[in-house]
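Below is entry.txt, which holds compact mmCIF, C-alpha atoms.
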# COMPACT_ATOMS: atom_id res chain seq x y z
CA MET A 1 76.59 107.73 75.12
CA VAL A 2 78.22 110.41 72.98
CA ASP A 3 79.82 109.67 69.61
CA LEU A 4 81.75 112.50 68.02
CA PRO A 5 82.43 112.98 64.28
CA GLY A 6 85.61 111.27 63.16
CA GLU A 7 85.84 108.96 66.17
CA GLU A 8 86.09 105.20 65.90
CA PRO A 9 85.66 102.47 68.55
CA PHE A 10 88.99 101.41 70.01
CA ARG A 11 90.18 98.88 72.58
CA ILE A 12 93.09 99.32 74.97
CA ASP A 13 94.86 96.34 76.55
CA THR A 14 96.50 96.90 79.93
CA VAL A 15 99.59 95.16 81.28
CA ASP A 16 97.49 93.41 83.93
CA GLY A 17 95.09 91.84 81.45
CA HIS A 18 92.16 94.25 81.17
CA SER A 19 90.48 95.48 78.01
CA LEU A 20 89.26 99.08 78.04
CA GLU A 21 86.53 100.64 75.95
CA ALA A 22 87.66 103.75 74.10
CA ARG A 23 86.89 106.20 71.32
CA LEU A 24 89.74 107.35 69.07
CA ARG A 25 89.94 110.20 66.59
CA LEU A 26 93.16 109.79 64.60
CA PRO A 27 93.74 112.12 61.63
CA SER A 28 96.27 110.58 59.27
CA ASP A 29 98.51 113.65 59.48
CA ALA A 30 98.26 114.22 63.25
CA ARG A 31 101.43 115.41 64.94
CA ARG A 32 99.85 115.86 68.36
CA ALA A 33 97.75 113.51 70.48
CA VAL A 34 95.75 113.98 73.66
CA VAL A 35 94.67 111.32 76.17
CA LEU A 36 91.55 112.36 78.10
CA CYS A 37 90.99 110.91 81.59
CA HIS A 38 87.46 111.05 83.00
CA PRO A 39 86.31 111.73 86.59
CA HIS A 40 85.69 109.25 89.40
CA PRO A 41 84.31 105.86 88.25
CA LEU A 42 82.33 105.35 91.48
CA TYR A 43 80.43 108.61 91.06
CA GLY A 44 79.26 108.31 87.47
CA GLY A 45 82.46 109.27 85.71
CA THR A 46 82.79 107.94 82.13
CA MET A 47 84.43 108.99 78.87
CA HIS A 48 81.06 110.56 77.99
CA ASN A 49 81.36 113.12 80.80
CA ALA A 50 80.32 116.57 79.58
CA VAL A 51 83.67 118.22 80.37
CA ILE A 52 85.63 115.46 78.62
CA VAL A 53 83.35 115.66 75.58
CA ALA A 54 83.63 119.47 75.45
CA VAL A 55 87.43 119.23 75.33
CA ALA A 56 87.28 116.47 72.69
CA LYS A 57 84.92 118.53 70.53
CA THR A 58 87.14 121.60 70.72
CA LEU A 59 90.24 119.58 69.90
CA ALA A 60 88.49 118.32 66.77
CA GLN A 61 88.39 121.95 65.59
CA ALA A 62 92.11 122.55 66.11
CA ASP A 63 93.96 124.08 63.17
CA GLU A 64 96.64 121.43 63.53
CA PRO A 65 95.22 117.89 63.16
CA THR A 66 95.21 116.38 66.64
CA ALA A 67 94.51 112.79 67.68
CA VAL A 68 92.16 112.40 70.64
CA LEU A 69 91.72 109.28 72.77
CA ARG A 70 89.07 109.11 75.48
CA PHE A 71 88.46 105.88 77.30
CA ASN A 72 86.62 104.26 80.18
CA PHE A 73 88.65 103.25 83.20
CA ARG A 74 88.51 99.61 84.29
CA GLY A 75 85.08 98.55 85.50
CA VAL A 76 83.27 101.37 83.71
CA GLU A 77 80.65 100.46 81.11
CA ARG A 78 82.30 98.04 78.64
CA SER A 79 85.76 98.11 80.18
CA SER A 80 86.68 94.95 82.07
CA GLY A 81 87.77 94.80 85.69
CA ARG A 82 86.73 96.87 88.67
CA TYR A 83 87.65 100.09 90.46
CA SER A 84 91.19 99.92 91.81
CA GLU A 85 91.57 103.02 94.01
CA GLY A 86 93.71 104.83 91.47
CA GLN A 87 96.44 102.23 91.22
CA GLY A 88 94.98 100.11 88.43
CA GLU A 89 93.61 103.25 86.82
CA LYS A 90 97.15 104.60 86.49
CA LEU A 91 97.94 101.45 84.50
CA ASP A 92 94.92 102.26 82.34
CA VAL A 93 96.33 105.68 81.47
CA LEU A 94 99.76 104.22 80.74
CA ALA A 95 98.13 101.68 78.42
CA ALA A 96 96.21 104.46 76.66
CA ILE A 97 99.44 106.38 76.08
CA ASP A 98 101.11 103.26 74.71
CA GLY A 99 98.11 102.60 72.49
CA LEU A 100 98.48 106.01 70.88
CA ARG A 101 102.23 105.63 70.61
CA ASN A 102 101.80 102.31 68.82
CA MET A 103 99.40 103.89 66.33
CA ASN A 104 101.79 106.73 65.48
CA PRO A 105 105.16 106.98 67.26
CA ARG A 106 105.82 110.47 65.85
CA MET A 107 103.05 112.26 67.75
CA ASP A 108 103.67 114.51 70.75
CA ILE A 109 101.42 113.27 73.55
CA SER A 110 99.61 115.29 76.19
CA VAL A 111 97.58 113.92 79.09
CA VAL A 112 94.48 115.83 80.21
CA GLY A 113 92.68 114.68 83.35
CA TYR A 114 89.52 115.99 84.99
CA SER A 115 89.00 115.67 88.78
CA PHE A 116 89.89 112.04 89.69
CA GLY A 117 91.28 111.73 86.17
CA SER A 118 93.73 114.55 86.89
CA TRP A 119 95.14 112.70 89.90
CA VAL A 120 95.56 109.44 88.02
CA GLY A 121 96.66 111.11 84.79
CA MET A 122 99.32 113.17 86.53
CA ARG A 123 101.01 110.14 88.05
CA ALA A 124 100.90 108.25 84.77
CA ALA A 125 102.31 111.25 82.87
CA TRP A 126 105.21 111.52 85.31
CA GLU A 127 105.95 107.83 84.86
CA HIS A 128 105.70 107.66 81.06
CA PRO A 129 108.83 109.22 79.51
CA GLU A 130 107.13 110.12 76.23
CA VAL A 131 104.41 112.38 77.61
CA GLU A 132 105.23 115.95 76.57
CA ARG A 133 102.78 117.95 78.68
CA LEU A 134 100.06 117.65 81.29
CA ALA A 135 96.78 119.46 81.99
CA LEU A 136 94.82 119.12 85.23
CA ILE A 137 91.18 120.20 85.22
CA ALA A 138 89.64 120.79 88.66
CA PRO A 139 92.24 118.75 90.57
CA ALA A 140 90.38 117.63 93.70
CA ALA A 141 93.15 118.64 96.09
CA ARG A 142 90.81 118.30 99.07
CA VAL A 143 90.19 114.63 98.25
CA PHE A 144 93.42 113.29 96.69
CA SER A 145 97.06 113.91 97.52
CA TYR A 146 98.86 115.27 94.50
CA VAL A 147 102.27 115.43 96.18
CA GLU A 148 102.54 111.93 97.65
CA ASP A 149 104.64 110.56 94.78
CA GLN A 150 107.38 113.17 94.93
CA GLU A 151 110.05 110.62 94.02
CA CYS A 152 108.18 109.92 90.76
CA ARG A 153 107.78 113.57 89.79
CA ARG A 154 109.61 114.84 86.73
CA PRO A 155 109.66 118.33 85.21
CA LEU A 156 106.74 118.56 82.80
CA PRO A 157 104.96 121.60 81.34
CA THR A 158 101.69 121.69 83.27
CA PHE A 159 98.46 123.67 82.98
CA ILE A 160 95.82 123.74 85.74
CA ALA A 161 92.26 125.03 85.38
CA VAL A 162 89.86 125.46 88.31
CA GLY A 163 86.61 127.30 88.94
CA ASP A 164 86.52 129.74 91.83
CA GLN A 165 83.25 128.16 93.01
CA ASP A 166 84.66 124.60 93.11
CA GLY A 167 83.74 122.79 96.33
CA PHE A 168 86.24 119.97 95.80
CA ALA A 169 89.22 121.99 94.63
CA SER A 170 89.47 125.31 96.43
CA VAL A 171 91.45 128.05 94.71
CA ASP A 172 93.87 128.22 97.65
CA SER A 173 94.63 124.48 97.57
CA VAL A 174 95.02 124.48 93.79
CA ARG A 175 97.21 127.57 93.89
CA LYS A 176 99.54 125.71 96.26
CA LEU A 177 99.54 122.71 93.93
CA ALA A 178 100.35 124.94 90.95
CA SER A 179 103.25 126.46 92.85
CA TYR A 180 104.55 122.99 93.78
CA LEU A 181 104.34 121.79 90.18
CA GLY A 182 105.53 125.02 88.60
CA ALA A 183 102.28 125.00 86.63
CA HIS A 184 100.35 127.74 84.89
CA LEU A 185 97.08 128.29 86.81
CA ASP A 186 93.91 129.49 85.09
CA ILE A 187 91.06 130.42 87.45
CA ILE A 188 87.65 130.50 85.77
CA HIS A 189 85.45 132.91 87.69
CA GLY A 190 81.91 131.70 88.33
CA ALA A 191 82.60 128.04 87.50
CA ASP A 192 81.99 125.18 89.91
CA HIS A 193 83.55 121.69 89.88
CA PHE A 194 81.34 120.63 86.97
CA PHE A 195 81.85 123.78 84.88
CA VAL A 196 78.12 124.08 84.16
CA GLY A 197 77.78 127.01 81.78
CA TYR A 198 81.57 127.29 81.45
CA ARG A 199 82.59 124.15 79.57
CA ARG A 200 83.21 125.95 76.28
CA THR A 201 85.20 128.59 78.16
CA LEU A 202 87.27 125.90 79.85
CA ALA A 203 88.00 124.06 76.61
CA THR A 204 88.90 127.27 74.79
CA ARG A 205 91.35 128.34 77.50
CA LEU A 206 92.94 124.91 77.49
CA MET A 207 93.57 124.81 73.74
CA PRO A 208 96.63 127.11 73.50
CA PHE A 209 98.43 124.73 75.84
CA ILE A 210 97.54 121.35 74.31
CA ALA A 211 96.94 122.55 70.72
CA PRO A 212 99.22 125.59 70.47
CA THR A 213 98.40 126.48 66.86
CA MET A 214 94.76 127.26 67.70
CA GLY A 215 93.98 130.92 67.55
CA LYS A 216 97.20 131.85 65.71

Output the structure of this file as structure tokens.
Amino acid sequence: MVDLPGEEPFRIDTVDGHSLEARLRLPSDARRAVVLCHPHPLYGGTMHNAVIVAVAKTLAQADEPTAVLRFNFRGVERSSGRYSEGQGEKLDVLAAIDGLRNMNPRMDISVVGYSFGSWVGMRAAWEHPEVERLALIAPAARVFSYVEDQECRRPLPTFIAVGDQDGFASVDSVRKLASYLGAHLDIIHGADHFFVGYRRTLATRLMPFIAPTMGK
């Protein structure tokens, strides 16, 4: 378990009756907020995943105060329910977005998903009208179909990051996805699906998109 400075325990209630465990960092003057979606629940994915934590830590250092919400999907650790093949998990992301919106309706909200979380987060971001932008980290295009919900797609500024050594998200498949979405693609040379040794690099490259004032 990883607790970051400034975070507080938080609970998220879904429309289908589940209660999700979360950690929330909410500066009083935040104008931006980021929802972080962790990798696959059946393969050890939790909100304490090293990539998710690296992004949360870097966001905490943003020049502009930024709210950060990371949470456990249904059935993970202290979240109720069970794995729902991406359908219930999409409801989890929507509930997380609403939770942030209820805390501060003035914040611009971004959704950032890693691997499985990118697939679920993308569909939730398309569905929720108040999401401003979307970032997909290592979208597992060999495992999940990112174009199946074409009727739900809406224009949304999108950033994609992938390592050129990723065995689940080949550069060619992700390049096609980026073209389909009209997304900016950032290829991190040397990184695999887990970004071992490259997590700080990943988080730093992501910041200008989800926290644009960083580095100015």

Compile the contact shell of Thr158 (chain A) as a JSON list (two decimals) with C-alpha atoms, keeping the file's coordinate frame: residues with an atom at most 7 Å away, counting all atoms listed in the file, same-chain residues fewer than 4 positions apart removed.
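Result file selection_0.json:
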[["chain", "number", "residue", "atom", "x", "y", "z"],
["A", 133, "ARG", "CA", 102.78, 117.95, 78.68],
["A", 134, "LEU", "CA", 100.06, 117.65, 81.29],
["A", 135, "ALA", "CA", 96.78, 119.46, 81.99],
["A", 183, "ALA", "CA", 102.28, 125.00, 86.63],
["A", 184, "HIS", "CA", 100.35, 127.74, 84.89]]

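The gap separating CA of Asn72 (chain A) from CA of Phe116 (chain A) is 12.7 Å, in Å to one decimal.
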
Sphere at (96.6, 111.1, 84.0), radius 8 Å, counting only C-alpha atoms: residues as a short mmCIF file (atom, residue, chain, number, x, y, z; two decimals) with C-alpha atoms, keeping the file's coordinate frame:
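Okay, this is what ended up in result.cif:
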data_model
loop_
_atom_site.label_atom_id
_atom_site.label_comp_id
_atom_site.auth_asym_id
_atom_site.auth_seq_id
_atom_site.Cartn_x
_atom_site.Cartn_y
_atom_site.Cartn_z
CA LEU A 36 91.55 112.36 78.10
CA CYS A 37 90.99 110.91 81.59
CA LYS A 90 97.15 104.60 86.49
CA VAL A 93 96.33 105.68 81.47
CA VAL A 111 97.58 113.92 79.09
CA VAL A 112 94.48 115.83 80.21
CA GLY A 113 92.68 114.68 83.35
CA GLY A 117 91.28 111.73 86.17
CA SER A 118 93.73 114.55 86.89
CA TRP A 119 95.14 112.70 89.90
CA VAL A 120 95.56 109.44 88.02
CA GLY A 121 96.66 111.11 84.79
CA MET A 122 99.32 113.17 86.53
CA ARG A 123 101.01 110.14 88.05
CA ALA A 124 100.90 108.25 84.77
CA ALA A 125 102.31 111.25 82.87
CA LEU A 134 100.06 117.65 81.29
#

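Each of A:Leu24, A:Arg205, A:Ala141, A:Tyr83 was checked against Lys176 (chain A) using only C-alpha atoms; the smallest atom-to-atom distance is that of A:Ala141.
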
### Query
Excluding same-chain residues fewer than 4 positions from Met107 (chain A), what lies within 12 Å of it counting all atoms listed in the file, as a ChimeraX atom specification?
/A:26-35,64-68,97-103,130-132

### Polymer residues at most 12 Å from Ser179 (chain A), only C-alpha atoms, same-chain spacing of 6 or more positions, as number ranges by chain
A: 147, 158-160, 172-173, 185

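Residue nearest His38 (chain A), chosen from A:Arg74, A:Ala161, A:Gly182, A:Gly190 and counting all atoms listed in the file: A:Arg74.
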
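Distances here use all atoms listed in the file; by that measure, the residue among A:Thr201, A:Asn49, A:Ser110, A:Thr14 closest to Ala96 (chain A) is A:Thr14.
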
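Shortest separation to Arg200 (chain A) among A:His48, A:Glu7, A:Ile188, A:Pro105 occurs at residue A:Ile188, atoms counted being only C-alpha atoms.
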
Completed region 30-62 of chain A (N, CA and C atoms) as an mmCIF file, in the coordinates of the input:
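Final output, selection-v6.cif:
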data_model
loop_
_atom_site.group_PDB
_atom_site.id
_atom_site.type_symbol
_atom_site.label_atom_id
_atom_site.label_comp_id
_atom_site.auth_asym_id
_atom_site.auth_seq_id
_atom_site.Cartn_x
_atom_site.Cartn_y
_atom_site.Cartn_z
ATOM 1 N N ALA A 30 98.147 113.663 61.900
ATOM 2 C CA ALA A 30 98.260 114.220 63.250
ATOM 3 C C ALA A 30 99.692 114.209 63.747
ATOM 4 N N ARG A 31 100.116 115.329 64.317
ATOM 5 C CA ARG A 31 101.430 115.410 64.940
ATOM 6 C C ARG A 31 101.318 115.532 66.458
ATOM 7 N N ARG A 32 100.103 115.765 66.932
ATOM 8 C CA ARG A 32 99.850 115.860 68.360
ATOM 9 C C ARG A 32 98.751 114.875 68.733
ATOM 10 N N ALA A 33 98.787 114.421 69.981
ATOM 11 C CA ALA A 33 97.750 113.510 70.480
ATOM 12 C C ALA A 33 97.442 113.852 71.930
ATOM 13 N N VAL A 34 96.192 113.674 72.298
ATOM 14 C CA VAL A 34 95.750 113.980 73.660
ATOM 15 C C VAL A 34 94.999 112.786 74.217
ATOM 16 N N VAL A 35 95.390 112.364 75.422
ATOM 17 C CA VAL A 35 94.670 111.320 76.170
ATOM 18 C C VAL A 35 93.804 112.017 77.201
ATOM 19 N N LEU A 36 92.496 111.744 77.180
ATOM 20 C CA LEU A 36 91.550 112.360 78.100
ATOM 21 C C LEU A 36 91.135 111.372 79.180
ATOM 22 N N CYS A 37 91.263 111.786 80.439
ATOM 23 C CA CYS A 37 90.990 110.910 81.590
ATOM 24 C C CYS A 37 89.778 111.430 82.355
ATOM 25 N N HIS A 38 88.746 110.617 82.444
ATOM 26 C CA HIS A 38 87.460 111.050 83.000
ATOM 27 C C HIS A 38 87.429 111.057 84.531
ATOM 28 N N PRO A 39 86.391 111.660 85.123
ATOM 29 C CA PRO A 39 86.310 111.730 86.590
ATOM 30 C C PRO A 39 85.962 110.393 87.240
ATOM 31 N N HIS A 40 85.731 110.430 88.543
ATOM 32 C CA HIS A 40 85.690 109.250 89.400
ATOM 33 C C HIS A 40 84.693 108.181 88.931
ATOM 34 N N PRO A 41 85.181 106.950 88.728
ATOM 35 C CA PRO A 41 84.310 105.860 88.250
ATOM 36 C C PRO A 41 83.175 105.522 89.216
ATOM 37 N N LEU A 42 83.375 105.717 90.511
ATOM 38 C CA LEU A 42 82.330 105.350 91.480
ATOM 39 C C LEU A 42 81.241 106.393 91.612
ATOM 40 N N TYR A 43 81.416 107.528 90.948
ATOM 41 C CA TYR A 43 80.430 108.610 91.060
ATOM 42 C C TYR A 43 79.936 109.037 89.677
ATOM 43 N N GLY A 44 79.848 108.057 88.777
ATOM 44 C CA GLY A 44 79.260 108.310 87.470
ATOM 45 C C GLY A 44 80.215 108.781 86.400
ATOM 46 N N GLY A 45 81.500 108.811 86.691
ATOM 47 C CA GLY A 45 82.460 109.270 85.710
ATOM 48 C C GLY A 45 82.640 108.280 84.566
ATOM 49 N N THR A 46 82.552 108.754 83.329
ATOM 50 C CA THR A 46 82.790 107.940 82.130
ATOM 51 C C THR A 46 83.452 108.828 81.080
ATOM 52 N N MET A 47 83.848 108.213 79.964
ATOM 53 C CA MET A 47 84.430 108.990 78.870
ATOM 54 C C MET A 47 83.404 109.885 78.192
ATOM 55 N N HIS A 48 82.124 109.732 78.547
ATOM 56 C CA HIS A 48 81.060 110.560 77.990
ATOM 57 C C HIS A 48 80.731 111.750 78.893
ATOM 58 N N ASN A 49 81.533 111.965 79.931
ATOM 59 C CA ASN A 49 81.360 113.120 80.800
ATOM 60 C C ASN A 49 81.349 114.406 79.978
ATOM 61 N N ALA A 50 80.521 115.358 80.376
ATOM 62 C CA ALA A 50 80.320 116.570 79.580
ATOM 63 C C ALA A 50 81.586 117.401 79.429
ATOM 64 N N VAL A 51 82.419 117.454 80.463
ATOM 65 C CA VAL A 51 83.670 118.220 80.370
ATOM 66 C C VAL A 51 84.627 117.536 79.394
ATOM 67 N N ILE A 52 84.760 116.210 79.515
ATOM 68 C CA ILE A 52 85.630 115.460 78.620
ATOM 69 C C ILE A 52 85.178 115.618 77.169
ATOM 70 N N VAL A 53 83.886 115.527 76.934
ATOM 71 C CA VAL A 53 83.350 115.660 75.580
ATOM 72 C C VAL A 53 83.578 117.072 75.045
ATOM 73 N N ALA A 54 83.415 118.086 75.888
ATOM 74 C CA ALA A 54 83.630 119.470 75.450
ATOM 75 C C ALA A 54 85.073 119.673 74.991
ATOM 76 N N VAL A 55 86.021 119.106 75.726
ATOM 77 C CA VAL A 55 87.430 119.230 75.330
ATOM 78 C C VAL A 55 87.679 118.465 74.030
ATOM 79 N N ALA A 56 87.109 117.258 73.916
ATOM 80 C CA ALA A 56 87.280 116.470 72.690
ATOM 81 C C ALA A 56 86.704 117.192 71.479
ATOM 82 N N LYS A 57 85.540 117.800 71.633
ATOM 83 C CA LYS A 57 84.920 118.530 70.530
ATOM 84 C C LYS A 57 85.794 119.704 70.093
ATOM 85 N N THR A 58 86.328 120.434 71.046
ATOM 86 C CA THR A 58 87.140 121.600 70.720
ATOM 87 C C THR A 58 88.448 121.185 70.065
ATOM 88 N N LEU A 59 89.025 120.087 70.515
ATOM 89 C CA LEU A 59 90.240 119.580 69.900
ATOM 90 C C LEU A 59 90.008 119.190 68.434
ATOM 91 N N ALA A 60 88.812 118.712 68.146
ATOM 92 C CA ALA A 60 88.490 118.320 66.770
ATOM 93 C C ALA A 60 88.503 119.520 65.830
ATOM 94 N N GLN A 61 88.399 120.732 66.397
ATOM 95 C CA GLN A 61 88.390 121.950 65.590
ATOM 96 C C GLN A 61 89.756 122.610 65.514
ATOM 97 N N ALA A 62 90.768 121.958 66.108
ATOM 98 C CA ALA A 62 92.110 122.550 66.110
ATOM 99 C C ALA A 62 92.633 122.725 64.699
#
